[in-house]
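S.K.: One file is attached below, model-v1.cif, containing mmCIF, C-alpha atoms (C1' of nucleotides).
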```
data_start
loop_
_atom_site.group_PDB
_atom_site.id
_atom_site.type_symbol
_atom_site.label_atom_id
_atom_site.label_comp_id
_atom_site.auth_asym_id
_atom_site.auth_seq_id
_atom_site.Cartn_x
_atom_site.Cartn_y
_atom_site.Cartn_z
ATOM 1 C CA MET A 1 -5.349 12.601 -12.679
ATOM 2 C CA GLN A 2 -2.886 12.993 -15.467
ATOM 3 C CA VAL A 3 -3.752 15.592 -18.099
ATOM 4 C CA LEU A 4 -3.139 13.735 -21.350
ATOM 5 C CA PHE A 5 -3.646 16.651 -23.708
ATOM 6 C CA ASP A 6 -6.046 19.422 -24.551
ATOM 7 C CA PHE A 7 -7.716 20.729 -27.652
ATOM 8 C CA PRO A 8 -8.780 24.267 -28.438
ATOM 9 C CA LEU A 9 -12.565 24.181 -28.744
ATOM 10 C CA VAL A 10 -12.567 25.469 -32.287
ATOM 11 C CA GLY A 11 -13.690 23.741 -35.462
ATOM 12 C CA ALA A 12 -11.903 23.529 -38.797
ATOM 13 C CA GLY A 13 -13.444 26.786 -39.970
ATOM 14 C CA GLY A 14 -12.474 28.661 -36.822
ATOM 15 C CA GLU A 15 -16.027 28.350 -35.531
ATOM 16 C CA PRO A 16 -16.603 28.007 -31.786
ATOM 17 C CA ILE A 17 -17.443 24.677 -30.184
ATOM 18 C CA SER A 18 -19.741 24.760 -27.183
ATOM 19 C CA PHE A 19 -18.718 21.783 -25.066
ATOM 20 C CA ALA A 20 -21.937 21.641 -23.053
ATOM 21 C CA ARG A 21 -24.087 21.847 -26.153
ATOM 22 C CA THR A 22 -21.971 19.239 -27.876
ATOM 23 C CA ILE A 23 -22.349 16.515 -25.289
ATOM 24 C CA HIS A 24 -26.072 17.124 -25.166
ATOM 25 C CA SER A 25 -26.483 16.883 -28.876
ATOM 26 C CA HIS A 26 -27.288 13.252 -29.202
ATOM 27 C CA GLY A 27 -28.521 10.458 -26.986
ATOM 28 C CA CYS A 28 -26.231 7.838 -28.488
ATOM 29 C CA ALA A 29 -23.199 9.616 -27.087
ATOM 30 C CA ARG A 30 -24.593 9.137 -23.600
ATOM 31 C CA LEU A 31 -25.105 5.395 -23.889
ATOM 32 C CA PRO A 32 -22.633 3.098 -22.077
ATOM 33 C CA PRO A 33 -19.650 3.163 -21.828
ATOM 34 C CA ALA A 34 -20.178 6.900 -21.460
ATOM 35 C CA SER A 35 -21.804 9.074 -18.855
ATOM 36 C CA VAL A 36 -22.251 12.762 -18.214
ATOM 37 C CA GLU A 37 -21.832 14.390 -14.831
ATOM 38 C CA GLN A 38 -23.426 17.747 -14.214
ATOM 39 C CA SER A 39 -21.860 20.568 -12.243
ATOM 40 C CA PRO A 40 -19.193 20.763 -13.211
ATOM 41 C CA LEU A 41 -20.109 19.435 -16.636
ATOM 42 C CA ARG A 42 -17.945 16.424 -17.267
ATOM 43 C CA TYR A 43 -18.113 13.758 -19.909
ATOM 44 C CA LEU A 44 -16.734 10.379 -18.877
ATOM 45 C CA ARG A 45 -15.894 7.747 -21.417
ATOM 46 C CA ARG A 46 -14.216 4.384 -21.198
ATOM 47 C CA PHE A 47 -11.987 3.341 -24.094
ATOM 48 C CA ARG A 48 -10.071 0.248 -24.884
ATOM 49 C CA VAL A 49 -6.458 1.179 -25.496
ATOM 50 C CA GLY A 50 -4.529 -1.897 -26.487
ATOM 51 C CA ASN A 51 -5.407 -4.588 -23.986
ATOM 52 C CA ARG A 52 -6.620 -2.393 -21.173
ATOM 53 C CA VAL A 53 -9.573 -0.128 -20.524
ATOM 54 C CA VAL A 54 -9.083 3.460 -19.432
ATOM 55 C CA GLU A 55 -11.683 5.948 -18.281
ATOM 56 C CA LEU A 56 -11.157 9.414 -19.637
ATOM 57 C CA THR A 57 -12.603 12.594 -18.244
ATOM 58 C CA LEU A 58 -13.420 15.361 -20.693
ATOM 59 C CA GLU A 59 -14.029 18.865 -19.393
ATOM 60 C CA GLU A 60 -14.054 22.388 -20.725
ATOM 61 C CA ARG A 61 -11.749 24.913 -19.167
ATOM 62 C CA GLY A 62 -10.885 28.294 -20.588
ATOM 63 C CA GLY A 63 -12.190 27.500 -24.041
ATOM 64 C CA ARG A 64 -10.203 24.317 -24.250
ATOM 65 C CA LEU A 65 -11.115 20.663 -23.986
ATOM 66 C CA ILE A 66 -9.100 19.048 -21.200
ATOM 67 C CA VAL A 67 -8.677 15.278 -21.446
ATOM 68 C CA ARG A 68 -7.521 13.516 -18.313
ATOM 69 C CA SER A 69 -6.894 9.942 -17.273
ATOM 70 C CA PRO A 70 -6.556 8.445 -13.795
ATOM 71 C CA SER A 71 -3.944 5.997 -15.071
ATOM 72 C CA ARG A 72 -0.682 6.807 -16.815
ATOM 73 C CA LEU A 73 -0.588 6.188 -20.530
ATOM 74 C CA GLY A 74 2.367 5.707 -22.820
ATOM 75 C CA ARG A 75 3.073 8.048 -25.702
ATOM 76 C CA ASN A 76 1.534 5.727 -28.274
ATOM 77 C CA GLU A 77 -1.532 5.224 -26.130
ATOM 78 C CA VAL A 78 -1.964 8.984 -25.743
ATOM 79 C CA GLU A 79 -1.773 9.418 -29.505
ATOM 80 C CA ARG A 80 -4.367 6.709 -29.951
ATOM 81 C CA VAL A 81 -6.680 8.420 -27.474
ATOM 82 C CA ARG A 82 -6.100 11.772 -29.143
ATOM 83 C CA ALA A 83 -7.305 10.380 -32.448
ATOM 84 C CA LEU A 84 -10.390 8.851 -30.847
ATOM 85 C CA VAL A 85 -11.346 12.089 -29.092
ATOM 86 C CA ALA A 86 -10.790 14.060 -32.284
ATOM 87 C CA ARG A 87 -13.137 11.708 -34.043
ATOM 88 C CA MET A 88 -15.784 12.114 -31.330
ATOM 89 C CA PHE A 89 -15.822 15.907 -31.683
ATOM 90 C CA ARG A 90 -14.987 15.808 -35.390
ATOM 91 C CA PHE A 91 -12.592 18.723 -35.019
ATOM 92 C CA HIS A 92 -11.799 18.405 -38.720
ATOM 93 C CA ASP A 93 -15.358 19.314 -39.675
ATOM 94 C CA ASP A 94 -16.182 22.857 -40.643
ATOM 95 C CA LEU A 95 -19.507 24.114 -39.316
ATOM 96 C CA ALA A 96 -18.693 27.766 -40.070
ATOM 97 C CA PRO A 97 -20.823 27.781 -43.242
ATOM 98 C CA PHE A 98 -23.769 26.452 -41.269
ATOM 99 C CA TYR A 99 -23.379 29.080 -38.566
ATOM 100 C CA ALA A 100 -23.135 31.773 -41.221
ATOM 101 C CA LYS A 101 -26.360 30.470 -42.721
ATOM 102 C CA ILE A 102 -28.291 30.513 -39.434
ATOM 103 C CA ALA A 103 -26.753 33.698 -37.993
ATOM 104 C CA GLY A 104 -29.819 35.838 -38.656
ATOM 105 C CA ASP A 105 -32.226 32.930 -38.441
ATOM 106 C CA LYS A 106 -35.228 33.393 -36.169
ATOM 107 C CA MET A 107 -35.580 29.663 -35.629
ATOM 108 C CA LEU A 108 -31.942 28.611 -35.242
ATOM 109 C CA GLY A 109 -29.926 31.753 -34.685
ATOM 110 C CA TRP A 110 -29.437 30.742 -31.056
ATOM 111 C CA ALA A 111 -27.369 27.744 -32.193
ATOM 112 C CA SER A 112 -24.755 29.721 -34.090
ATOM 113 C CA SER A 113 -22.517 30.095 -31.034
ATOM 114 C CA GLY A 114 -21.290 26.501 -31.062
ATOM 115 C CA ALA A 115 -24.276 24.150 -30.813
ATOM 116 C CA GLY A 116 -24.902 21.163 -33.011
ATOM 117 C CA ARG A 117 -21.529 19.517 -33.045
ATOM 118 C CA ILE A 118 -23.090 16.132 -32.497
ATOM 119 C CA LEU A 119 -20.817 13.971 -30.408
ATOM 120 C CA ALA A 120 -19.958 10.684 -32.093
ATOM 121 C CA SER A 121 -18.521 7.443 -30.808
ATOM 122 C CA PRO A 122 -14.767 6.833 -31.164
ATOM 123 C CA THR A 123 -15.442 4.451 -34.034
ATOM 124 C CA VAL A 124 -18.021 4.319 -36.802
ATOM 125 C CA PHE A 125 -18.494 0.659 -35.990
ATOM 126 C CA GLU A 126 -19.712 1.547 -32.512
ATOM 127 C CA ASP A 127 -22.112 4.142 -33.902
ATOM 128 C CA VAL A 128 -23.528 1.630 -36.381
ATOM 129 C CA VAL A 129 -24.072 -1.048 -33.733
ATOM 130 C CA LYS A 130 -25.580 1.384 -31.259
ATOM 131 C CA THR A 131 -27.871 2.749 -33.939
ATOM 132 C CA ILE A 132 -29.172 -0.749 -34.656
ATOM 133 C CA CYS A 133 -29.813 -1.021 -30.921
ATOM 134 C CA THR A 134 -32.071 2.046 -31.117
ATOM 135 C CA THR A 135 -34.366 0.554 -33.753
ATOM 136 C CA ASN A 136 -37.847 -0.783 -33.097
ATOM 137 C CA CYS A 137 -37.567 -0.778 -29.316
ATOM 138 C CA ALA A 138 -37.891 1.512 -26.331
ATOM 139 C CA TRP A 139 -34.878 3.516 -25.166
ATOM 140 C CA SER A 140 -34.668 1.332 -22.054
ATOM 141 C CA ALA A 141 -34.011 -1.656 -24.304
ATOM 142 C CA THR A 142 -31.331 0.302 -26.158
ATOM 143 C CA VAL A 143 -29.622 0.962 -22.847
ATOM 144 C CA ARG A 144 -29.937 -2.682 -21.822
ATOM 145 C CA MET A 145 -28.419 -4.005 -25.055
ATOM 146 C CA THR A 146 -25.621 -1.452 -25.022
ATOM 147 C CA THR A 147 -24.840 -2.230 -21.402
ATOM 148 C CA ALA A 148 -24.539 -5.908 -22.245
ATOM 149 C CA LEU A 149 -22.215 -5.161 -25.157
ATOM 150 C CA VAL A 150 -19.986 -3.022 -22.966
ATOM 151 C CA GLU A 151 -19.900 -5.723 -20.318
ATOM 152 C CA LEU A 152 -18.790 -8.175 -22.982
ATOM 153 C CA GLY A 153 -16.090 -5.691 -23.931
ATOM 154 C CA GLY A 154 -14.719 -5.633 -20.397
ATOM 155 C CA GLY A 155 -15.927 -2.088 -19.701
ATOM 156 C CA ALA A 156 -15.350 -0.604 -23.137
ATOM 157 C CA PHE A 157 -17.363 -1.024 -26.311
ATOM 158 C CA PRO A 158 -16.314 -4.319 -27.914
ATOM 159 C CA GLU A 159 -14.233 -4.231 -31.068
ATOM 160 C CA PRO A 160 -15.370 -5.949 -34.266
ATOM 161 C CA GLU A 161 -13.005 -8.878 -33.710
ATOM 162 C CA LEU A 162 -14.624 -9.722 -30.398
ATOM 163 C CA LEU A 163 -18.175 -9.346 -31.665
ATOM 164 C CA ALA A 164 -17.371 -11.457 -34.720
ATOM 165 C CA ALA A 165 -16.037 -14.232 -32.502
ATOM 166 C CA THR A 166 -18.959 -14.133 -30.060
ATOM 167 C CA PRO A 167 -21.538 -16.892 -30.603
ATOM 168 C CA GLU A 168 -25.098 -16.120 -31.609
ATOM 169 C CA SER A 169 -26.302 -17.615 -28.339
ATOM 170 C CA TRP A 170 -24.671 -14.746 -26.424
ATOM 171 C CA TYR A 171 -26.552 -12.135 -28.467
ATOM 172 C CA ARG A 172 -29.783 -14.021 -27.955
ATOM 173 C CA ASP A 173 -29.517 -15.163 -24.324
ATOM 174 C CA ALA A 174 -27.219 -12.647 -22.622
ATOM 175 C CA ALA A 175 -27.733 -9.393 -24.541
ATOM 176 C CA ARG A 176 -31.301 -10.349 -25.486
ATOM 177 C CA MET A 177 -30.964 -8.483 -28.746
ATOM 178 C CA GLY A 178 -33.559 -10.569 -30.553
ATOM 179 C CA TYR A 179 -33.376 -10.415 -34.334
ATOM 180 C CA ARG A 180 -30.717 -7.675 -34.103
ATOM 181 C CA GLY A 181 -28.095 -10.123 -32.852
ATOM 182 C CA PRO A 182 -27.407 -11.832 -36.189
ATOM 183 C CA TYR A 183 -27.312 -8.410 -37.884
ATOM 184 C CA VAL A 184 -24.642 -7.086 -35.537
ATOM 185 C CA ARG A 185 -22.621 -10.277 -35.655
ATOM 186 C CA SER A 186 -22.775 -10.303 -39.435
ATOM 187 C CA ILE A 187 -21.571 -6.700 -39.646
ATOM 188 C CA ALA A 188 -18.738 -7.423 -37.208
ATOM 189 C CA ARG A 189 -17.604 -10.380 -39.314
ATOM 190 C CA ASP A 190 -17.738 -8.353 -42.517
ATOM 191 C CA VAL A 191 -15.718 -5.554 -40.920
ATOM 192 C CA VAL A 192 -13.096 -8.029 -39.732
ATOM 193 C CA ALA A 193 -13.017 -9.636 -43.178
ATOM 194 C CA GLY A 194 -12.501 -6.243 -44.792
ATOM 195 C CA THR A 195 -15.775 -6.378 -46.703
ATOM 196 C CA TYR A 196 -16.734 -3.027 -45.222
ATOM 197 C CA ASP A 197 -14.280 -0.338 -44.169
ATOM 198 C CA LEU A 198 -16.671 1.592 -41.962
ATOM 199 C CA GLU A 199 -13.982 3.783 -40.426
ATOM 200 C CA SER A 200 -13.133 5.207 -43.840
ATOM 201 C CA LEU A 201 -16.582 6.813 -43.922
ATOM 202 C CA THR A 202 -15.209 9.637 -41.778
ATOM 203 C CA GLU A 203 -12.942 10.691 -44.649
ATOM 204 C CA PRO A 204 -14.727 13.019 -47.077
ATOM 205 C CA ALA A 205 -12.045 12.427 -49.686
ATOM 206 C CA ARG A 206 -12.724 8.706 -49.768
ATOM 207 C CA HIS A 207 -16.511 8.717 -49.872
ATOM 208 C CA SER A 208 -19.074 11.111 -51.238
ATOM 209 C CA ASP A 209 -22.192 11.522 -49.103
ATOM 210 C CA GLU A 210 -24.036 9.329 -51.579
ATOM 211 C CA GLY A 211 -21.351 6.652 -51.397
ATOM 212 C CA ALA A 212 -21.333 6.696 -47.619
ATOM 213 C CA GLU A 213 -25.107 6.378 -47.505
ATOM 214 C CA GLU A 214 -24.979 3.501 -49.946
ATOM 215 C CA MET A 215 -22.492 1.578 -47.794
ATOM 216 C CA LEU A 216 -24.571 2.136 -44.668
ATOM 217 C CA LEU A 217 -27.795 1.030 -46.350
ATOM 218 C CA ALA A 218 -26.063 -2.176 -47.434
ATOM 219 C CA LEU A 219 -25.560 -3.158 -43.801
ATOM 220 C CA PRO A 220 -28.175 -5.532 -42.370
ATOM 221 C CA GLY A 221 -30.337 -3.723 -39.839
ATOM 222 C CA ILE A 222 -29.531 -0.284 -41.229
ATOM 223 C CA GLY A 223 -32.364 1.274 -43.206
ATOM 224 C CA PRO A 224 -33.312 4.871 -44.000
ATOM 225 C CA TYR A 225 -33.496 5.900 -40.348
ATOM 226 C CA GLY A 226 -30.237 4.195 -39.362
ATOM 227 C CA ALA A 227 -28.342 5.516 -42.353
ATOM 228 C CA ALA A 228 -29.498 9.087 -41.725
ATOM 229 C CA HIS A 229 -28.587 8.728 -38.072
ATOM 230 C CA VAL A 230 -25.057 7.463 -38.690
ATOM 231 C CA MET A 231 -24.569 10.053 -41.416
ATOM 232 C CA GLN A 232 -25.240 12.749 -38.822
ATOM 233 C CA LEU A 233 -22.584 11.234 -36.607
ATOM 234 C CA LEU A 234 -20.198 11.298 -39.563
ATOM 235 C CA GLY A 235 -20.719 15.022 -39.961
ATOM 236 C CA ARG A 236 -22.712 14.468 -43.131
ATOM 237 C CA HIS A 237 -25.741 16.567 -42.308
ATOM 238 C CA ARG A 238 -28.017 16.644 -45.325
ATOM 239 C CA LEU A 239 -30.339 13.772 -44.371
ATOM 240 C CA LEU A 240 -33.083 14.212 -41.792
ATOM 241 C CA VAL A 241 -33.415 11.564 -39.103
ATOM 242 C CA LEU A 242 -37.090 10.656 -39.293
ATOM 243 C CA ASP A 243 -38.353 8.237 -36.690
ATOM 244 C CA SER A 244 -41.072 7.743 -34.102
ATOM 245 C CA TRP A 245 -39.501 10.359 -31.829
ATOM 246 C CA THR A 246 -38.580 13.097 -34.308
ATOM 247 C CA ARG A 247 -41.867 13.033 -36.223
ATOM 248 C CA PRO A 248 -44.206 13.686 -33.273
ATOM 249 C CA THR A 249 -41.720 16.118 -31.751
ATOM 250 C CA TYR A 250 -41.767 18.110 -34.985
ATOM 251 C CA LEU A 251 -45.571 18.191 -34.921
ATOM 252 C CA ARG A 252 -45.623 19.289 -31.292
ATOM 253 C CA LEU A 253 -43.131 22.117 -31.818
ATOM 254 C CA THR A 254 -44.828 23.389 -34.946
ATOM 255 C CA GLY A 255 -48.400 22.908 -33.755
ATOM 256 C CA LYS A 256 -49.235 20.981 -36.881
ATOM 257 C CA LYS A 257 -51.739 18.146 -36.920
ATOM 258 C CA ARG A 258 -49.786 16.087 -39.421
ATOM 259 C CA ALA A 259 -46.889 16.380 -41.826
ATOM 260 C CA ALA A 260 -45.598 13.949 -44.428
ATOM 261 C CA ASP A 261 -41.867 13.214 -44.418
ATOM 262 C CA SER A 262 -41.548 14.991 -47.738
ATOM 263 C CA THR A 263 -43.186 18.067 -46.233
ATOM 264 C CA ILE A 264 -40.774 18.073 -43.306
ATOM 265 C CA ARG A 265 -37.818 17.699 -45.663
ATOM 266 C CA ARG A 266 -39.063 20.591 -47.741
ATOM 267 C CA ALA A 267 -39.385 22.757 -44.637
ATOM 268 C CA PHE A 268 -35.661 22.310 -43.990
ATOM 269 C CA SER A 269 -34.395 22.157 -47.558
ATOM 270 C CA ARG A 270 -33.241 25.770 -47.395
ATOM 271 C CA TYR A 271 -30.426 24.644 -45.105
ATOM 272 C CA GLY A 272 -28.983 22.586 -47.947
ATOM 273 C CA ASP A 273 -26.179 20.291 -46.870
ATOM 274 C CA PHE A 274 -27.024 21.060 -43.244
ATOM 275 C CA ALA A 275 -30.769 20.335 -43.427
ATOM 276 C CA GLY A 276 -30.487 17.323 -41.136
ATOM 277 C CA LEU A 277 -28.514 19.257 -38.549
ATOM 278 C CA ALA A 278 -30.993 22.128 -38.688
ATOM 279 C CA PHE A 279 -33.838 19.670 -38.150
ATOM 280 C CA TRP A 280 -32.053 18.065 -35.204
ATOM 281 C CA LEU A 281 -31.292 21.391 -33.541
ATOM 282 C CA PHE A 282 -34.877 22.506 -34.037
ATOM 283 C CA LEU A 283 -36.085 19.366 -32.250
ATOM 284 C CA THR A 284 -33.588 19.344 -29.394
ATOM 285 C CA ARG A 285 -33.473 23.007 -28.500
ATOM 286 C CA ASP A 286 -35.021 22.334 -25.094
ATOM 287 C CA TRP A 287 -32.312 19.751 -24.317
ATOM 288 C CA ILE A 288 -29.828 22.547 -24.191
ATOM 289 C CA GLU A 289 -29.605 24.918 -21.296
ATOM 290 C CA GLU A 290 -29.409 28.407 -22.643
ATOM 291 C CA ALA A 291 -26.263 30.071 -21.414
ATOM 292 C "C1'" DC B 1 -53.995 -12.747 -19.620
ATOM 293 C "C1'" DG B 2 -53.746 -10.620 -24.689
ATOM 294 C "C1'" DT B 3 -52.630 -6.565 -27.415
ATOM 295 C "C1'" DC B 4 -49.947 -2.746 -28.545
ATOM 296 C "C1'" DC B 5 -45.827 -0.416 -29.443
ATOM 297 C "C1'" DA B 6 -41.182 1.779 -28.725
ATOM 298 C "C1'" DG B 7 -35.964 6.765 -31.591
ATOM 299 C "C1'" DG B 8 -37.381 0.305 -38.060
ATOM 300 C "C1'" DT B 9 -35.928 -3.126 -41.296
ATOM 301 C "C1'" DC B 10 -36.485 -6.966 -44.323
ATOM 302 C "C1'" DT B 11 -38.865 -9.712 -47.556
ATOM 303 C "C1'" DA B 12 -42.271 -10.581 -50.775
ATOM 304 C "C1'" DC B 13 -45.377 -9.234 -53.595
ATOM 305 C "C1'" DG C 1 -41.193 2.368 -56.351
ATOM 306 C "C1'" DG C 2 -44.639 1.535 -52.982
ATOM 307 C "C1'" DT C 3 -47.004 -1.246 -49.461
ATOM 308 C "C1'" DA C 4 -48.420 -5.332 -46.087
ATOM 309 C "C1'" DG C 5 -46.645 -8.681 -42.507
ATOM 310 C "C1'" DA C 6 -43.322 -10.559 -39.742
ATOM 311 C "C1'" DC C 7 -39.897 -9.749 -36.450
ATOM 312 C "C1'" DC C 8 -37.119 -10.194 -30.730
ATOM 313 C "C1'" DT C 9 -37.941 -7.889 -26.492
ATOM 314 C "C1'" DG C 10 -40.191 -6.034 -22.458
ATOM 315 C "C1'" DG C 11 -42.889 -2.468 -20.404
ATOM 316 C "C1'" DA C 12 -47.529 -0.207 -20.594
ATOM 317 C "C1'" DC C 13 -51.964 -0.782 -21.043
ATOM 318 C "C1'" DG C 14 -57.005 -2.771 -21.363
ATOM 319 C "C1'" DC C 15 -59.964 -6.593 -20.234
#
```
For the structure just supplied, provide its representation as structure tokens.
M.R.:
Amino acid sequence: MQVLFDFPLVGAGGEPISFARTIHSHGCARLPPASVEQSPLRYLRRFRVGNRVVELTLEERGGRLIVRSPSRLGRNEVERVRALVARMFRFHDDLAPFYAKIAGDKMLGWASSGAGRILASPTVFEDVVKTICTTNCAWSATVRMTTALVELGGGAFPEPELLAATPESWYRDAARMGYRGPYVRSIARDVVAGTYDLESLTEPARHSDEGAEEMLLALPGIGPYGAAHVMQLLGRHRLLVLDSWTRPTYLRLTGKKRAADSTIRRAFSRYGDFAGLAFWLFLTRDWIEEA
DNA sequence: CGTCCAGGTCTAC
DNA sequence: GGTAGACCTGGACGC
């Protein structure tokens, strides 16, 4: 196992990053081609680097993120991987203001020691496609569709070029994605054609939150839920992800009989630009083993 | 067997 | 701008 590089587990504002709490933050990060091994906590992720697939192991050791690979990589490949891992943890994001806001918070104070850094996919494209695969179906179907996509990609998530060139019949008959197939294929073709530069959405300087949301909503298969979901993975945390899992979970945790979306939003509005993250942490607290 | 629905979205009023 | 109905799939139910 070659150690490729390591990162200090610190965000842009000097805030701590809890590795264990990060990889538990969101289900999408655990979909193929990723997996999480417990004890010791290790995150495994297969990437395509050039024309081969490598499996990286991510572990925390001494407050640093250690990234290792079983196969040797060239300097350029290592730099490519470094950028992808940085994107997954969004090291450039500053959660310090959020932690300052929740420091004395009865509901979320527990999270201020590094939780909530929602792990993203290496590319926005992958997050968009996976998000479409979470809509209007059971989680088992999401796993099945994602597994098929990764198989198509030779063990790594397929790049837009491949998905654009894959016939509709594959989406229908092999991946069994139903009506989602044409959506995904259409997005892949538009990305390849340059109609949408999804990867630029990670750059705050290039897109306001409103602009990013607008681009996401323009994608077929991405509606209010999908846009809010991808926005979270972009580190844009104002929107609440409201769906058939978060709504009932909110009711259960609060003991309420019912709550309109607008009511839920209002309950978290005091967290401002981090309302969506606050909502997510509130819902997923029991996913995280208290240290 | 038929109906419902799961981490919604689109289209047509 | 708000609200029905349709939509692929497959597993969970009721009959």
S.K.: Can you tell me which residues surround DC7 in chain C at a distance of at most 10 Å, considering all atoms listed in the file, apart from same-chain residues fewer than 3 positions away, and format the answer as an MDAnalysis selection string?
M.R.: (chainID A and resid 136 178:180) or (chainID B and resid 9:10)
S.K.: I'd like the neighbourhood of DC8 in chain C as an MDAnalysis selection string, where a residue qualifies if any of its atoms comes within 12 Å (using all atoms listed in the file), though same-chain residues fewer than 2 positions away should be ignored.
M.R.: (chainID A and resid 133 135:137 141 171:173 175:182) or (chainID C and resid 6 10)
S.K.: Between CA of Arg68 in chain A and CA of Gly235 in chain A, what distance in Å does the model show, to one decimal?
M.R.: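 Spanning CA of Arg68 in chain A to CA of Gly235 in chain A is a straight-line distance of 25.4 Å.
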S.K.: Box time for chain C: axis-aligned, enclosing all its listed atoms, 8 Å extra on each side; report centre and edge lengths in Å to one decimal, as lines of an AutoDock Vina configuration file.
M.R.:
```
center_x = -48.5
center_y = -4.1
center_z = -38.3
size_x = 38.8
size_y = 28.9
size_z = 52.1
```
S.K.: Using only C-alpha atoms, which of the listed residues (A:Ala227, A:Leu233, A:Leu149, A:Val67) sits closest to Ser121 in chain A?
M.R.: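 Residue with the minimum atom-to-atom distance to Ser121 in chain A: A:Leu233.
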S.K.: At a cut-off of 12 Å, using only C-alpha atoms (C1' of nucleotides), what residues contact DA12 in chain C? Leave out same-chain residues fewer than 3 positions from it and give the result as a ChimeraX atom specification.
M.R.: /A:138 /B:3-6
S.K.: Would you output that residue set with C-alpha atoms (C1' of nucleotides), as a PDB file, keeping the file's coordinate frame?
M.R.:
```
ATOM      1  CA  ALA A 138     -37.891   1.512 -26.331  1.00  0.00           C
TER       2      ALA A 138
ATOM      3  C1'  DT B   3     -52.630  -6.565 -27.415  1.00  0.00           C
ATOM      4  C1'  DC B   4     -49.947  -2.746 -28.545  1.00  0.00           C
ATOM      5  C1'  DC B   5     -45.827  -0.416 -29.443  1.00  0.00           C
ATOM      6  C1'  DA B   6     -41.182   1.779 -28.725  1.00  0.00           C
TER       7       DA B   6
END
```
